[in-house]
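entry.csv follows; it contains CSV, C-alpha atoms and all ligand atoms.
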chain,number,residue,atom,x,y,z
A,1,MET,CA,-2.4,386.0,193.0
A,2,ARG,CA,-5.4,385.8,195.3
A,3,PHE,CA,-4.8,387.8,198.5
A,4,LEU,CA,-7.0,387.2,201.6
A,5,ILE,CA,-6.4,390.1,204.0
A,6,THR,CA,-7.8,390.7,207.4
A,7,ALA,CA,-7.8,394.2,208.9
A,8,GLY,CA,-9.0,396.3,211.9
A,9,PRO,CA,-10.1,395.3,215.3
A,10,THR,CA,-12.7,392.8,216.6
A,11,ARG,CA,-15.4,393.6,219.1
A,12,GLU,CA,-16.5,391.2,221.9
A,13,PRO,CA,-19.8,392.1,223.4
A,14,ILE,CA,-20.2,392.5,227.2
A,15,ASP,CA,-23.9,393.5,227.0
A,16,PRO,CA,-26.1,395.2,224.3
A,17,VAL,CA,-24.3,398.5,224.6
A,18,ARG,CA,-20.7,397.6,225.6
A,19,TYR,CA,-17.8,395.7,224.1
A,20,ILE,CA,-14.1,394.9,224.4
A,21,SER,CA,-12.0,396.0,221.5
A,22,ASN,CA,-8.6,397.6,220.7
A,23,ARG,CA,-7.0,400.6,219.0
A,24,SER,CA,-6.5,399.1,215.6
A,25,SER,CA,-7.6,401.5,212.8
A,26,GLY,CA,-7.3,399.1,210.0
A,27,LYS,CA,-5.1,401.5,208.0
A,28,MET,CA,-2.2,399.0,207.5
A,29,GLY,CA,-4.5,396.2,206.3
A,30,TYR,CA,-6.5,398.5,204.0
A,31,ALA,CA,-3.2,399.9,202.5
A,32,ILE,CA,-2.0,396.4,201.8
A,33,ALA,CA,-5.4,395.6,200.1
A,34,GLU,CA,-5.2,398.8,198.0
A,35,VAL,CA,-1.7,398.1,196.9
A,36,ALA,CA,-2.4,394.4,196.1
A,37,LEU,CA,-5.3,395.5,193.9
A,38,GLU,CA,-3.1,398.1,192.1
A,39,ALA,CA,-0.6,395.4,191.5
A,40,GLY,CA,-3.3,393.3,189.7
A,41,HIS,CA,-4.0,390.8,192.5
A,42,ASP,CA,-7.5,389.7,193.5
A,43,VAL,CA,-8.3,390.8,197.1
A,44,VAL,CA,-10.8,389.4,199.6
A,45,LEU,CA,-10.8,391.9,202.6
A,46,ILE,CA,-12.2,390.6,205.9
A,47,SER,CA,-12.6,393.7,208.0
A,48,GLY,CA,-13.5,394.6,211.5
A,49,PRO,CA,-15.3,397.9,212.2
A,50,VAL,CA,-13.2,400.8,210.9
A,51,ASN,CA,-13.7,404.3,209.6
A,52,LEU,CA,-12.2,403.7,206.1
A,53,ASP,CA,-13.7,403.3,202.7
A,54,PRO,CA,-13.1,399.8,201.3
A,55,PRO,CA,-10.6,399.8,198.3
A,56,ARG,CA,-12.5,399.7,195.0
A,57,GLY,CA,-12.4,396.2,193.6
A,58,ALA,CA,-11.9,394.4,196.9
A,59,HIS,CA,-14.5,391.8,197.9
A,60,LEU,CA,-15.4,393.1,201.4
A,61,ILE,CA,-16.5,390.8,204.2
A,62,SER,CA,-17.5,392.7,207.4
A,63,ILE,CA,-17.1,391.0,210.8
A,64,LEU,CA,-17.4,392.1,214.4
A,65,THR,CA,-16.5,389.2,216.7
A,66,THR,CA,-13.5,386.8,216.9
A,67,ASP,CA,-15.9,383.9,216.1
A,68,GLU,CA,-17.0,385.7,212.9
A,69,ILE,CA,-13.5,386.4,211.7
A,70,TYR,CA,-12.4,382.9,212.6
A,71,ASP,CA,-15.2,381.5,210.4
A,72,ALA,CA,-14.6,384.0,207.6
A,73,VAL,CA,-10.9,383.2,207.4
A,74,HIS,CA,-11.6,379.4,207.4
A,75,GLN,CA,-14.2,379.8,204.7
A,76,HIS,CA,-11.9,381.7,202.3
A,77,ALA,CA,-8.3,380.6,203.2
A,78,HIS,CA,-8.3,377.6,200.9
A,79,GLY,CA,-9.0,379.6,197.9
A,80,CYS,CA,-6.2,382.1,198.4
A,81,ASP,CA,-2.4,382.2,197.6
A,82,VAL,CA,-1.4,384.7,200.3
A,83,LEU,CA,-3.2,385.1,203.7
A,84,VAL,CA,-2.3,388.4,205.5
A,85,MET,CA,-3.5,388.4,209.1
A,86,CYS,CA,-3.3,392.1,209.8
A,87,ALA,CA,-6.4,392.2,212.0
A,88,ALA,CA,-6.0,392.9,215.7
A,89,VAL,CA,-8.0,389.9,216.9
A,90,ALA,CA,-9.1,390.0,220.6
A,91,ASP,CA,-7.3,387.4,222.8
A,92,TYR,CA,-10.2,387.2,225.3
A,93,LYS,CA,-13.9,387.5,225.3
A,94,PRO,CA,-16.4,387.8,228.2
A,95,LYS,CA,-17.5,384.4,229.5
A,96,ASN,CA,-21.1,385.5,229.7
A,97,VAL,CA,-22.7,388.1,227.5
A,98,SER,CA,-25.6,389.9,229.4
A,99,ALA,CA,-28.8,390.0,227.4
A,100,THR,CA,-29.7,393.3,229.1
A,101,LYS,CA,-27.7,396.4,229.9
A,102,ILE,CA,-25.6,395.8,233.0
A,103,LYS,CA,-26.7,398.4,235.6
A,104,LYS,CA,-24.4,400.7,237.5
A,105,ARG,CA,-24.0,399.7,241.2
A,106,ASP,CA,-22.0,401.2,244.0
A,107,ALA,CA,-19.5,398.3,244.0
A,108,SER,CA,-16.6,397.0,242.0
A,109,LEU,CA,-17.5,394.8,239.0
A,110,SER,CA,-15.5,391.8,237.7
A,111,LEU,CA,-15.7,390.4,234.2
A,112,GLU,CA,-14.7,386.9,233.6
A,113,LEU,CA,-12.8,386.5,230.3
A,114,PHE,CA,-12.2,383.5,228.3
A,115,PRO,CA,-9.4,383.0,225.7
A,116,THR,CA,-10.6,383.2,222.1
A,117,ARG,CA,-9.4,380.7,219.4
A,118,ASP,CA,-6.1,381.6,217.7
A,119,ILE,CA,-6.8,381.8,214.0
A,120,LEU,CA,-3.2,381.5,212.7
A,121,SER,CA,-2.5,378.5,214.9
A,122,SER,CA,-5.7,376.8,213.6
A,123,LEU,CA,-4.3,376.9,210.1
A,124,GLN,CA,-1.4,374.6,210.8
A,125,ASN,CA,-1.1,372.0,208.1
A,126,LYS,CA,2.0,370.8,206.4
A,127,ASP,CA,0.3,370.6,203.0
A,128,ARG,CA,-1.0,374.1,203.3
A,129,GLN,CA,-0.9,375.7,199.8
A,130,PHE,CA,-0.9,379.4,200.7
A,131,LEU,CA,1.6,381.7,202.3
A,132,VAL,CA,0.6,382.6,205.8
A,133,VAL,CA,1.7,386.1,207.0
A,134,GLY,CA,1.1,387.1,210.6
A,135,PHE,CA,1.6,390.5,212.2
A,136,ALA,CA,3.1,391.0,215.6
A,137,ALA,CA,2.1,394.1,217.6
A,138,GLU,CA,4.8,394.6,220.3
A,139,THR,CA,5.6,397.1,223.0
A,140,ASN,CA,8.8,395.3,224.1
A,141,ASP,CA,11.2,392.6,223.1
A,142,LEU,CA,10.1,392.9,219.5
A,143,GLU,CA,12.5,390.3,218.0
A,144,ALA,CA,12.1,387.6,220.6
A,145,ASN,CA,8.3,387.9,220.6
A,146,ALA,CA,8.0,388.0,216.8
A,147,GLN,CA,10.3,384.9,216.5
A,148,ARG,CA,8.2,383.1,219.1
A,149,LYS,CA,4.9,384.0,217.2
A,150,LEU,CA,6.5,382.8,213.9
A,151,GLN,CA,7.1,379.4,215.4
A,152,THR,CA,4.1,378.9,217.7
A,153,LYS,CA,1.6,380.2,215.2
A,154,HIS,CA,3.2,378.3,212.3
A,155,CYS,CA,3.5,381.4,210.1
A,156,ASP,CA,5.7,381.6,207.0
A,157,VAL,CA,6.3,385.3,207.6
A,158,ILE,CA,5.8,387.6,210.6
A,159,VAL,CA,5.7,391.4,210.2
A,160,ALA,CA,6.5,393.0,213.5
A,161,ASN,CA,5.8,396.5,214.5
A,162,ASP,CA,6.5,398.5,217.7
A,163,VAL,CA,3.1,399.8,218.9
A,164,SER,CA,4.5,401.7,221.9
A,165,ARG,CA,5.5,404.7,219.7
A,166,ALA,CA,2.9,407.4,219.2
A,167,ASP,CA,4.3,408.3,215.7
A,168,SER,CA,4.2,404.8,214.3
A,169,GLY,CA,2.0,401.6,214.3
A,170,MET,CA,-1.5,401.5,215.7
A,171,GLU,CA,-3.8,404.4,214.6
A,172,SER,CA,-0.9,406.2,212.9
A,173,ASP,CA,-0.5,406.9,209.2
A,174,GLN,CA,3.1,405.8,209.4
A,175,ASN,CA,4.8,402.5,210.3
A,176,GLU,CA,8.2,400.9,210.6
A,177,VAL,CA,8.4,397.1,210.4
A,178,THR,CA,10.8,394.2,210.7
A,179,ILE,CA,9.9,391.1,208.7
A,180,PHE,CA,10.9,387.7,210.0
A,181,PHE,CA,10.9,384.8,207.5
A,182,ARG,CA,10.6,381.1,208.3
A,183,SER,CA,13.8,380.6,206.3
A,184,GLY,CA,15.6,382.6,209.0
A,185,GLU,CA,16.1,385.9,207.0
A,186,THR,CA,15.0,389.2,208.5
A,187,LYS,CA,14.3,392.5,206.7
A,188,ASN,CA,13.7,396.0,208.0
A,189,ILE,CA,11.5,398.6,206.4
A,190,SER,CA,12.2,402.0,208.0
A,191,ARG,CA,9.6,404.5,209.0
A,192,ALA,CA,7.4,405.5,206.1
A,193,PRO,CA,3.7,406.1,205.2
A,194,LYS,CA,1.7,402.9,205.5
A,195,LYS,CA,1.0,402.9,201.7
A,196,ILE,CA,4.8,402.9,201.0
A,197,ILE,CA,5.3,400.1,203.6
A,198,ALA,CA,2.4,398.2,202.0
A,199,ARG,CA,4.0,398.4,198.5
A,200,GLU,CA,7.2,396.8,199.9
A,201,LEU,CA,5.2,394.1,201.8
A,202,VAL,CA,3.1,393.1,198.8
A,203,LYS,CA,6.2,392.7,196.6
A,204,ILE,CA,7.9,390.7,199.3
A,205,PHE,CA,4.8,388.4,199.9
A,206,SER,CA,4.3,387.8,196.2
A,207,LYS,CA,8.0,386.9,195.7
A,208,TYR,CA,8.1,384.7,198.8
A,209,ALA,CA,4.9,382.9,197.9
A,210,ARG,CA,6.1,382.3,194.3
A,211,LYS,CA,9.4,380.9,195.6
A,212,MET,CA,7.5,378.6,198.1
A,213,PHE,CA,5.0,377.3,195.6
A,214,ASP,CA,7.6,376.9,192.8
A,215,LYS,CA,9.3,374.5,195.3
A,216,LYS,CA,6.1,372.6,195.9
A,217,ASN,CA,5.1,372.7,192.2
A,218,VAL,CA,1.8,374.3,193.0
A,219,VAL,CA,0.1,376.3,190.3
A,220,ILE,CA,-0.7,379.9,191.4
A,221,THR,CA,-3.8,381.3,189.8
A,222,GLU,CA,-3.1,384.5,187.8
A,223,ARG,CA,-5.8,387.0,186.9
A,224,VAL,CA,-6.1,387.5,183.1
B,1,LIG,N1,-4.2,386.4,215.8
B,1,LIG,C1,-5.0,385.3,215.5
B,1,LIG,N2,-6.0,384.8,216.3
B,1,LIG,C2,-6.1,385.4,217.5
B,1,LIG,C3,-5.3,386.5,217.9
B,1,LIG,C4,-4.3,386.9,217.1
B,1,LIG,O1,-4.8,384.7,214.4
B,1,LIG,N3,-7.1,385.0,218.3
B,1,LIG,C5,-3.1,386.8,214.9
B,1,LIG,C6,-3.2,388.3,214.6
B,1,LIG,O2,-4.0,388.6,213.5
B,1,LIG,C7,-1.7,388.6,214.2
B,1,LIG,C8,-0.9,387.6,215.1
B,1,LIG,O3,-1.9,386.6,215.5
B,1,LIG,O4,-1.4,388.2,212.9
B,1,LIG,C9,-0.3,388.2,216.3
B,1,LIG,O5,-1.2,389.0,217.0
B,1,LIG,P1,-0.7,389.8,218.3
B,1,LIG,O6,-1.9,390.5,218.8
B,1,LIG,O7,0.6,390.5,218.0
B,1,LIG,O8,-0.3,388.6,219.3
B,1,LIG,P2,-1.1,387.6,220.2
B,1,LIG,O9,-1.1,386.3,219.7
B,1,LIG,O10,-2.4,388.3,220.5
B,1,LIG,O11,-0.2,387.6,221.5
B,1,LIG,P3,0.2,388.8,222.6
B,1,LIG,O12,-1.2,389.6,222.7
B,1,LIG,O13,0.5,388.0,223.8
B,1,LIG,O14,1.3,389.6,222.0
Rewrite the structure from the file as structure tokens, please.
Ligand code: CTP
Amino acid sequence: MRFLITAGPTREPIDPVRYISNRSSGKMGYAIAEVALEAGHDVVLISGPVNLDPPRGAHLISILTTDEIYDAVHQHAHGCDVLVMCAAVADYKPKNVSATKIKKRDASLSLELFPTRDILSSLQNKDRQFLVVGFAAETNDLEANAQRKLQTKHCDVIVANDVSRADSGMESDQNEVTIFFRSGETKNISRAPKKIIARELVKIFSKYARKMFDKKNVVITERV
């Protein structure tokens, strides 16, 4: 199968030397890419700025801003069988980007932020022929928030993780996830290294995609 995986943070510039970003390390997305390649799948990896070596064999596309990741996903989504939106995409960007460095003044400073476009929501289409997997990073009410994202973002699967814990989730080498399927099923993968979690996820995504596409009589491209 052809996997399109996004990973890492985005950066929204404020001025030439400053930006808004988040703590995503990219480790989960890179682990999924690595495991998918090991399992014989083709991988296009759209990555924000991270300190990780790209897995050998992945077609790497580097992005910085939410507009760049939006365009890259739209450009490649129609050629994939499974889209895994693991990237931590910024929800807001500065309304105005200063062309010169904003100078320090002895007064408070306000930044006006504008909402960015939601990539998952933009892929809504009833004839969509690829599995759409979203991730949900939650600090509270994990199940309710993940279920809401599954519906409002029109995902087939949502992988939710609790990012309030220091020993799991963002920046950590470990994770614990709960998977919510559009069919109503849920599945928990208990705390383990991200590579182990990734192995389970890739198996689940391939199986679920196959089931979905068998139903729709869509031919899935296999690598020979
Ligand atoms: N996502 C997206 N486009 C955005 C923001 C997020 O496609 N502009 C995707 C992420 O890649 C992830 C999913 O939406 O797969 C959920 O991201 P998350 O940060 O958990 O949720 P948000 O939609 O940002 O909502 P909130 O910050 O309120 O939890």
Item to complete: Could you please extract the residues within 9 Å of ligand LIG 1 (chain B), counting all atoms listed in the file, and hand them back as a PyMOL selection string?
Response: chain A and resi 6-7+66+69-70+84-92+115-123+133-139+145-146+149-150+153+155+158-161
Worksheet entry | Contacts of Pro55 of chain A at 10 Å (all atoms listed in the file; same-chain gap of 4+ positions) as a list in words |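 Once the nearby chain positions are removed, what remains is Tyr30, Ala31, Ile32, Ala33, Glu34, Val35, Leu37, Glu38, Val43, Leu45, His59 and Leu60 of chain A.
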Go ahead and save the picked residues with C-alpha atoms, as a compact mmCIF listing (two decimals), in the frame of the given file.
# COMPACT_ATOMS: atom_id res chain seq x y z
CA TYR A 30 -6.50 398.50 204.00
CA ALA A 31 -3.20 399.90 202.50
CA ILE A 32 -2.00 396.40 201.80
CA ALA A 33 -5.40 395.60 200.10
CA GLU A 34 -5.20 398.80 198.00
CA VAL A 35 -1.70 398.10 196.90
CA LEU A 37 -5.30 395.50 193.90
CA GLU A 38 -3.10 398.10 192.10
CA VAL A 43 -8.30 390.80 197.10
CA LEU A 45 -10.80 391.90 202.60
CA HIS A 59 -14.50 391.80 197.90
CA LEU A 60 -15.40 393.10 201.40
Worksheet entry | Two-atom distance - atom CA of Phe130 of chain A, atom CA of Ala58 of chain A (Å) |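 Atom CA of Ala58 of chain A lies at a distance of 19.0 Å from atom CA of Phe130 of chain A.
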Discussion item. Between atom CA of Ile46 of chain A and atom CA of Arg165 of chain A, what distance in Å does the model show, to one decimal?
Written reply: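 Spanning atom CA of Ile46 of chain A to atom CA of Arg165 of chain A is a straight-line distance of 26.5 Å.
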Item to complete: Choose the residue, out of A:Leu113, A:Leu83, A:Ala192, A:Met1, that has the smallest atom-to-atom separation from Arg128 of chain A; count only C-alpha atoms.
Response: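 When distances to Arg128 of chain A are compared using only C-alpha atoms, the smallest one comes from A:Leu83.
A straight line drawn from atom CA of Thr65 of chain A to atom CA of Asn51 of chain A is 16.9 Å long.
With distances restricted to only C-alpha atoms, A:Lys101 is the closest residue to Arg18 of chain A from A:Arg191, A:Lys101, A:Lys126, A:Arg56.
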Item to complete: Identify which of the residues A:Ala72, A:Asp156, A:Val50, A:Ser62 lies closest to Asn125 of chain A, counting all atoms listed in the file when measuring atom-to-atom distances.
Response: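 Counting all atoms listed in the file, the residue closest to Asn125 of chain A is A:Asp156.
With only C-alpha atoms as the atoms that count, the residue of A:Leu64, A:Met28, A:Ile179, A:Ser47 with the shortest distance to Thr10 of chain A is A:Leu64.
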Your completed segment 12-23 of chain A with all heavy atoms, as a PDB file, keeping the file's coordinate frame:
ATOM      1  N   GLU A  12     -15.844 392.272 221.097  1.00  0.00           N
ATOM      2  CA  GLU A  12     -16.500 391.200 221.900  1.00  0.00           C
ATOM      3  C   GLU A  12     -17.501 391.796 222.795  1.00  0.00           C
ATOM      4  O   GLU A  12     -17.155 392.562 223.702  1.00  0.00           O
ATOM      5  CB  GLU A  12     -15.385 390.473 222.694  1.00  0.00           C
ATOM      6  CG  GLU A  12     -14.466 389.626 221.866  1.00  0.00           C
ATOM      7  CD  GLU A  12     -15.209 388.621 220.998  1.00  0.00           C
ATOM      8  OE1 GLU A  12     -16.233 388.061 221.446  1.00  0.00           O
ATOM      9  OE2 GLU A  12     -14.768 388.406 219.865  1.00  0.00           O
ATOM     10  N   PRO A  13     -18.784 391.491 222.577  1.00  0.00           N
ATOM     11  CA  PRO A  13     -19.800 392.100 223.400  1.00  0.00           C
ATOM     12  C   PRO A  13     -19.777 391.726 224.862  1.00  0.00           C
ATOM     13  O   PRO A  13     -19.450 390.580 225.197  1.00  0.00           O
ATOM     14  CB  PRO A  13     -21.128 391.653 222.744  1.00  0.00           C
ATOM     15  CG  PRO A  13     -20.769 390.499 221.895  1.00  0.00           C
ATOM     16  CD  PRO A  13     -19.314 390.603 221.546  1.00  0.00           C
ATOM     17  N   ILE A  14     -20.083 392.717 225.709  1.00  0.00           N
ATOM     18  CA  ILE A  14     -20.200 392.500 227.200  1.00  0.00           C
ATOM     19  C   ILE A  14     -21.735 392.466 227.477  1.00  0.00           C
ATOM     20  O   ILE A  14     -22.218 391.614 228.205  1.00  0.00           O
ATOM     21  CB  ILE A  14     -19.547 393.626 227.958  1.00  0.00           C
ATOM     22  CG1 ILE A  14     -18.049 393.638 227.671  1.00  0.00           C
ATOM     23  CG2 ILE A  14     -19.833 393.499 229.454  1.00  0.00           C
ATOM     24  CD1 ILE A  14     -17.317 394.862 228.202  1.00  0.00           C
ATOM     25  N   ASP A  15     -22.444 393.443 226.894  1.00  0.00           N
ATOM     26  CA  ASP A  15     -23.900 393.500 227.000  1.00  0.00           C
ATOM     27  C   ASP A  15     -24.386 394.241 225.741  1.00  0.00           C
ATOM     28  O   ASP A  15     -23.563 394.511 224.855  1.00  0.00           O
ATOM     29  CB  ASP A  15     -24.313 394.170 228.339  1.00  0.00           C
ATOM     30  CG  ASP A  15     -23.997 395.663 228.410  1.00  0.00           C
ATOM     31  OD1 ASP A  15     -23.655 396.266 227.375  1.00  0.00           O
ATOM     32  OD2 ASP A  15     -24.107 396.236 229.513  1.00  0.00           O
ATOM     33  N   PRO A  16     -25.661 394.575 225.584  1.00  0.00           N
ATOM     34  CA  PRO A  16     -26.100 395.200 224.300  1.00  0.00           C
ATOM     35  C   PRO A  16     -25.444 396.499 223.947  1.00  0.00           C
ATOM     36  O   PRO A  16     -25.518 396.910 222.794  1.00  0.00           O
ATOM     37  CB  PRO A  16     -27.618 395.334 224.497  1.00  0.00           C
ATOM     38  CG  PRO A  16     -27.983 394.355 225.550  1.00  0.00           C
ATOM     39  CD  PRO A  16     -26.799 394.257 226.464  1.00  0.00           C
ATOM     40  N   VAL A  17     -24.830 397.178 224.910  1.00  0.00           N
ATOM     41  CA  VAL A  17     -24.300 398.500 224.600  1.00  0.00           C
ATOM     42  C   VAL A  17     -22.745 398.576 224.810  1.00  0.00           C
ATOM     43  O   VAL A  17     -22.134 399.612 224.548  1.00  0.00           O
ATOM     44  CB  VAL A  17     -24.944 399.633 225.385  1.00  0.00           C
ATOM     45  CG1 VAL A  17     -26.409 399.744 225.008  1.00  0.00           C
ATOM     46  CG2 VAL A  17     -24.789 399.427 226.875  1.00  0.00           C
ATOM     47  N   ARG A  18     -22.119 397.530 225.282  1.00  0.00           N
ATOM     48  CA  ARG A  18     -20.700 397.600 225.600  1.00  0.00           C
ATOM     49  C   ARG A  18     -19.918 396.460 224.963  1.00  0.00           C
ATOM     50  O   ARG A  18     -20.480 395.387 224.759  1.00  0.00           O
ATOM     51  CB  ARG A  18     -20.471 397.585 227.114  1.00  0.00           C
ATOM     52  CG  ARG A  18     -21.235 398.672 227.848  1.00  0.00           C
ATOM     53  CD  ARG A  18     -20.946 398.595 229.327  1.00  0.00           C
ATOM     54  NE  ARG A  18     -21.626 399.646 230.062  1.00  0.00           N
ATOM     55  CZ  ARG A  18     -22.802 399.488 230.665  1.00  0.00           C
ATOM     56  NH1 ARG A  18     -23.418 398.330 230.654  1.00  0.00           N
ATOM     57  NH2 ARG A  18     -23.351 400.498 231.323  1.00  0.00           N
ATOM     58  N   TYR A  19     -18.641 396.731 224.700  1.00  0.00           N
ATOM     59  CA  TYR A  19     -17.800 395.700 224.100  1.00  0.00           C
ATOM     60  C   TYR A  19     -16.356 395.856 224.498  1.00  0.00           C
ATOM     61  O   TYR A  19     -15.939 396.932 224.931  1.00  0.00           O
ATOM     62  CB  TYR A  19     -17.965 395.619 222.600  1.00  0.00           C
ATOM     63  CG  TYR A  19     -17.681 396.925 221.890  1.00  0.00           C
ATOM     64  CD1 TYR A  19     -16.375 397.357 221.650  1.00  0.00           C
ATOM     65  CD2 TYR A  19     -18.732 397.737 221.448  1.00  0.00           C
ATOM     66  CE1 TYR A  19     -16.118 398.551 221.002  1.00  0.00           C
ATOM     67  CE2 TYR A  19     -18.493 398.933 220.795  1.00  0.00           C
ATOM     68  CZ  TYR A  19     -17.179 399.345 220.576  1.00  0.00           C
ATOM     69  OH  TYR A  19     -16.936 400.531 219.939  1.00  0.00           O
ATOM     70  N   ILE A  20     -15.551 394.812 224.260  1.00  0.00           N
ATOM     71  CA  ILE A  20     -14.100 394.900 224.400  1.00  0.00           C
ATOM     72  C   ILE A  20     -13.499 394.971 223.032  1.00  0.00           C
ATOM     73  O   ILE A  20     -13.864 394.193 222.144  1.00  0.00           O
ATOM     74  CB  ILE A  20     -13.559 393.620 225.124  1.00  0.00           C
ATOM     75  CG1 ILE A  20     -14.099 393.539 226.548  1.00  0.00           C
ATOM     76  CG2 ILE A  20     -12.031 393.601 225.126  1.00  0.00           C
ATOM     77  CD1 ILE A  20     -13.717 392.258 227.259  1.00  0.00           C
ATOM     78  N   SER A  21     -12.607 395.922 222.840  1.00  0.00           N
ATOM     79  CA  SER A  21     -12.000 396.000 221.500  1.00  0.00           C
ATOM     80  C   SER A  21     -10.557 396.564 221.690  1.00  0.00           C
ATOM     81  O   SER A  21      -9.991 396.479 222.783  1.00  0.00           O
ATOM     82  CB  SER A  21     -12.828 396.991 220.649  1.00  0.00           C
ATOM     83  OG  SER A  21     -12.428 396.913 219.306  1.00  0.00           O
ATOM     84  N   ASN A  22      -9.961 397.073 220.640  1.00  0.00           N
ATOM     85  CA  ASN A  22      -8.600 397.600 220.700  1.00  0.00           C
ATOM     86  C   ASN A  22      -8.438 398.768 219.767  1.00  0.00           C
ATOM     87  O   ASN A  22      -9.370 399.121 219.046  1.00  0.00           O
ATOM     88  CB  ASN A  22      -7.582 396.477 220.444  1.00  0.00           C
ATOM     89  CG  ASN A  22      -7.822 395.876 219.074  1.00  0.00           C
ATOM     90  OD1 ASN A  22      -7.656 396.540 218.055  1.00  0.00           O
ATOM     91  ND2 ASN A  22      -8.260 394.615 219.034  1.00  0.00           N
ATOM     92  N   ARG A  23      -7.240 399.365 219.742  1.00  0.00           N
ATOM     93  CA  ARG A  23      -7.000 400.600 219.000  1.00  0.00           C
ATOM     94  C   ARG A  23      -6.754 400.463 217.536  1.00  0.00           C
ATOM     95  O   ARG A  23      -6.445 401.439 216.865  1.00  0.00           O
ATOM     96  CB  ARG A  23      -5.873 401.379 219.678  1.00  0.00           C
ATOM     97  CG  ARG A  23      -6.249 402.052 220.987  1.00  0.00           C
ATOM     98  CD  ARG A  23      -5.025 402.700 221.622  1.00  0.00           C
ATOM     99  NE  ARG A  23      -4.199 403.365 220.635  1.00  0.00           N
ATOM    100  CZ  ARG A  23      -2.872 403.500 220.716  1.00  0.00           C
ATOM    101  NH1 ARG A  23      -2.232 403.004 221.737  1.00  0.00           N
ATOM    102  NH2 ARG A  23      -2.195 404.107 219.761  1.00  0.00           N
TER     103      ARG A  23
END
